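One structure is given here, and the rest of the page talks about it.
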Amino acid sequence: MGNVSNLFSLIEQNSKVYIINQFSYDKKKRKHLVEKYNTNSTFEASSKEIVYSNLILKSESLLSHIEGYDLEDLWSNLIDDVNVLSIKSFIDSAIRHYNIESIEELNVFLLSFNEDFIYYRILDKDKVYLNSKTIAEKIIKSLALKEEEKALSEFFLRDISIDARIDWSKYNKQISELIAYFAGSEKYSKSFLESIRVTLNLKEDEEILSHFKSIGVFGINFEPLYAALKLSQEYSYVDADVDKLESEDIPDSAKVLNAFTIDDETTYDFDDALSIDKEGGIYVVSVHISNFSNLFSIDSTYSDNARKLVNTIYAPNGNFNLFSKKLVDKISLSSGSVRSVLTVKLYVDNSSVINYKVERNYIKISDNYTYDQFETLISKNPDYQFLNDFTKHLSEERLKGADFKFFNQEVAIRVNKDDKLSVNWMELLDSRRIISELMILTNFYVSKYFNQNSLPGIFRSQRKSYDLETSMIDAEPPFSFHRKVSPVDVSSACDPHYGLGLESYLQITSPIRRFLDAVNMWQVSYFLKERKVLFDSNYIDRILATTTPQLASSREKSKKVYKLWILKYLNQSKDKNLSGYIYSTLRDKYIVFFNELNFFESISKENCTNLYQKDDFVNLSFDYIDFAKLEIINLKD
């Protein structure tokens with residue numbers, strides 16, 4: 001059919017230009033019957049698609065071999081004069097520039113042109129747009145970068161195949177894609193991940209992650225979720241910087257008080273301690289809080305990470321602390337150390353606080369008791385027995401005016417030396433109640449001190465939950481559901497906290513673990529020393545404006561980290577059965593609280609054979625756990 005006519009034209013289809021041989025024209029259809037050059041297929045085309053008619057070129061080339069054409073050469077020649085050409089004018093320019101004499105030579109040029117996106121593109125179907133020099137340079141640079149990344153990926157695959165040491169700085173892009181994949185993000189190359197599976201001959205994600213840990217790509221405690229949440233144990237300062245921090249000189253005339261701490265057995269960031277004395281038959285209970293306000297300021301590099309994280313996030317394989325381990329060791333109330341503290345002295349007579357004082361002091365820690373250790377000492381020491389009776393009375397009186405009378409026991413996740421996880425309920429020990437009530441009381445009296453001295457601070461309040469619904473669940477251990485709860489507000493306003501049953505409240509007792517506690521600490525410590533306000537109300541409001549969103553983010557991150565380790569525990573146990581209680585019923589799903597593990601999960605009503613109401617007990621099973629999405633897959637009753 002190609003010998004019927006030597007009349008060649010050009011047609012535009014899908015932003016590409018092709019040589020065609022025209023055979024006939026159907027007036028009724030207004031269509032041309034055409035054939036693409038060097039093909040045996042015919043098709044119909046409209047006149048609008050034909051962008052160049054009656055090409056005057058030889059049918060065949062006299063050249064034995066036709067070299068490719070340098071598209072940049074023509075582009076460079078044209079770009080200074082024009083940006084847009086009709087396809088006909090552009091082809092004429094190419095024919096003149098390259099001395100194209102035959103249809104075959106033009107076809108070679110068009111093959112390159114149709115593949116190009118650096119220098120040219122089709123505009124409005126009948127025009128050629130010449131990319132600017134800036135755009136062309138950007139495209140060339142991007143292509144070079146892609147080639148470099150492709151080569152790096154090939155080197156990465158080679159190195160992991162021979163278990164070579166992986167350089168993070170060299171393979172940052174490849175490792176970032178790995179992290180994105182394991183963390184459930186969509187921002188990774190599927191072909192690259194598949195090539196890793198083939199290279200390592202591994203299919204399961206856990207196997208691949210374990211392999212990368214074994215060859216040092218990731219640390220043994222690395223979790224993809226941590227990377228996704230941007231949780232890091234790296235700081236903007238190093239240990240050598242911490243060593244240069246000058247501790248506050250203790251004056252020779254200063255009295256150093258003896259004190260002790262009570263905390264969990266895994267605790268090392270001790271930020272509160274106790275002393276018990278008697279003055280004329282009245283007990284003086286002193287609560288001491290680590291005071292590092294003279295060591296570094298709120299605007300120092302040591303505060304940068306704390307300001308961003310806001311609250312310490314706990315994990316069984318290592319916490320994400322506000323401050324580095326080296327700095328925590330320097331300010332923690334550890335046994336044998338002498339530390340600067342803020343002291344709240346509570347003068348107690350007949351289980352009632354008759355007076356209080358807030359002052360700066362120095363203490364020396366005699367013991368870091370665990371809760372279990374102190375529990376055994378209560379009955380043996382009259383002072384400790386007093387603490388027990390006093391805080392029991394405190395709790396009873398406080399709860400009379402509180403919205404919440406019962407709090408659920410906490411769950412602790414631990415990892416042993418064999419990397420085995422365990423989940424245990426925190427026992428309702430008297431020692432725990434002693435610390436809890438004393439910290440609440442201390443925060444209350446410091447809030448009073450701020451209020452009485454017109455000190456701007458960061459307060460916590462909670463409106464009365466008038467529509468509060470409480471369900472007590474008779475499980476082991478028993479727990480409660482609180483519904484329709486008023487939210488806790490963190491602000492510069494000193495308002496009542498009905499949840500705790502207090503007329504005012506702020507937090508200051510954990511400055512090592514909570515950044516806003518540290519802000520309050522800097523404020524009151526400076527006031528005690530200078531009798532001046534360090535942070536005015538505008539400054540406090542600016543801090544709140546930047547940290548309030550971070551508070552919500554920190555809470556969400558903490559929940560996700562906790563759920564990750566609960567799911568790991570479930571996966572370790574190999575048990576695919578769960579039991580819990582219905583917290584709420586929504587249109588298409590139930591929210592279930594798994595009380596033994598202290599977490600919530602949703603289950604589709606489509607997967608339930610029974611109908612459930614709030615507080616109903618349910619037995620469930622599941623297929624598997626998706627760690628990237630933190631989901632239990634296919635929960636069903």
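In the structure tokens, chains take letters A, B, ... by order of appearance, with residues numbered from 1 within each chain and ligands from 1 in the order shown.
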Per DSSP on the backbone, what are the strand (DSSP E) residues of region 99-134 of chain A, as a ChimeraX atom specification? /A:120-123,127-130
Store the residues picked out above in a file with N, CA and C atoms, as an mmCIF file, in the first residue's frame.
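The resulting file, part-v2.cif, is shown below:
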data_model
loop_
_atom_site.group_PDB
_atom_site.id
_atom_site.type_symbol
_atom_site.label_atom_id
_atom_site.label_comp_id
_atom_site.auth_asym_id
_atom_site.auth_seq_id
_atom_site.Cartn_x
_atom_site.Cartn_y
_atom_site.Cartn_z
ATOM 1 N N TYR A 120 11.446 20.801 24.111
ATOM 2 C CA TYR A 120 10.231 21.129 23.362
ATOM 3 C C TYR A 120 8.998 20.466 23.972
ATOM 4 N N ARG A 121 7.847 21.077 23.662
ATOM 5 C CA ARG A 121 6.582 20.389 23.922
ATOM 6 C C ARG A 121 5.516 20.942 22.985
ATOM 7 N N ILE A 122 4.535 20.090 22.682
ATOM 8 C CA ILE A 122 3.446 20.477 21.784
ATOM 9 C C ILE A 122 2.464 21.354 22.546
ATOM 10 N N LEU A 123 2.042 22.440 21.870
ATOM 11 C CA LEU A 123 1.120 23.382 22.495
ATOM 12 C C LEU A 123 -0.077 23.561 21.568
ATOM 13 N N LYS A 127 1.241 23.647 17.623
ATOM 14 C CA LYS A 127 2.370 24.543 17.860
ATOM 15 C C LYS A 127 3.442 23.823 18.665
ATOM 16 N N VAL A 128 4.661 24.220 18.461
ATOM 17 C CA VAL A 128 5.792 23.708 19.250
ATOM 18 C C VAL A 128 6.259 24.832 20.172
ATOM 19 N N TYR A 129 6.273 24.530 21.481
ATOM 20 C CA TYR A 129 6.730 25.496 22.475
ATOM 21 C C TYR A 129 8.160 25.146 22.855
ATOM 22 N N LEU A 130 9.046 26.146 22.818
ATOM 23 C CA LEU A 130 10.441 25.946 23.188
ATOM 24 C C LEU A 130 10.595 26.290 24.674
#
Just want the 7 Å neighbourhood of Asn291 (chain A), counted on only C-alpha atoms, with same-chain residues fewer than 3 positions away dropped. Output as number ranges by chain. A: 340-342, 521
Taking N, CA and C atoms for each residue, export the selection above as a PDB file, in the first residue's frame.
ATOM      1  N   SER A 340      19.992  21.616  93.660  1.00  0.00           N
ATOM      2  CA  SER A 340      19.174  22.798  93.906  1.00  0.00           C
ATOM      3  C   SER A 340      17.721  22.421  93.630  1.00  0.00           C
ATOM      4  N   VAL A 341      16.825  22.827  94.543  1.00  0.00           N
ATOM      5  CA  VAL A 341      15.422  22.446  94.390  1.00  0.00           C
ATOM      6  C   VAL A 341      14.502  23.613  94.745  1.00  0.00           C
ATOM      7  N   LEU A 342      13.285  23.504  94.247  1.00  0.00           N
ATOM      8  CA  LEU A 342      12.192  24.336  94.725  1.00  0.00           C
ATOM      9  C   LEU A 342      11.465  23.507  95.768  1.00  0.00           C
ATOM     10  N   MET A 521       8.577  26.507  86.624  1.00  0.00           N
ATOM     11  CA  MET A 521       9.724  26.473  87.527  1.00  0.00           C
ATOM     12  C   MET A 521      10.619  27.689  87.312  1.00  0.00           C
TER      13      MET A 521
END
Near-region 313-322 of chain A list (9 Å; only C-alpha atoms; drop same-chain fewer than 4 positions) as a ChimeraX atom specification: /A:221,231-233,302-309,328,412-415,421,512-515,554-555,557-558,561-562,565
Which residue gives the smallest distance to Tyr98 (chain A) among A:Asn77, A:Gln385, A:Ser431, A:Thr376, with only C-alpha atoms counted? A:Asn77
Counting only C-alpha atoms, what is within 9 Å of region 162-170 of chain A, bar same-chain residues fewer than 6 positions away, as a list in words? Leu152, Phe156, Ser214, Ile215, Gly216 and Val217 of chain A
Can you tell me which residues surround region 465-480 of chain A at a distance of at most 7 Å, considering only C-alpha atoms, apart from same-chain residues fewer than 5 positions away, and format the answer as a tab-separated table (two decimals) with C-alpha atoms, in the first residue's frame?
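Contents of result_21.tsv, freshly written:
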chain	number	residue	atom	x	y	z
A	403	ASP	CA	-16.05	14.94	89.22
A	408	ASN	CA	-8.29	3.11	86.23
A	485	VAL	CA	-16.23	14.68	80.07
A	486	SER	CA	-15.40	18.38	79.96
Close residues, Ser491 (chain A) itself excluded, 7 Å, only C-alpha atoms, min 5 positions apart in chain, as a PDB file with C-alpha atoms, in the first residue's frame:
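The new file selection-v3.pdb reads:
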ATOM      1  CA  ILE A 458       0.560  28.089  82.885  1.00  0.00           C
ATOM      2  CA  PHE A 459      -2.518  26.713  84.646  1.00  0.00           C
ATOM      3  CA  ARG A 460      -4.675  23.664  84.067  1.00  0.00           C
ATOM      4  CA  LEU A 544       1.121  28.609  74.975  1.00  0.00           C
TER       5      LEU A 544
END
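Taking the backbone of this structure through DSSP, the residues of region 486-541 of chain A that come out as alpha helix (DSSP H) are Phe515, Leu516, Asp517, Ala518, Val519, Asn520, Met521, Trp522, Gln523, Val524, Ser525, Tyr526, Phe527, Leu528, Lys529, Glu530, Ser537, Asn538, Tyr539, Ile540 and Asp541 of chain A.
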Could you work out how far CA of Leu57 (chain A) lies from CA of Ser102 (chain A), giving the answer in Å with one decimal? 5.0 Å
By how many Å are CA of Val84 (chain A) and CA of Leu7 (chain A) apart?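 About the pair CA of Val84 (chain A) and CA of Leu7 (chain A): they are 27.3 Å apart.
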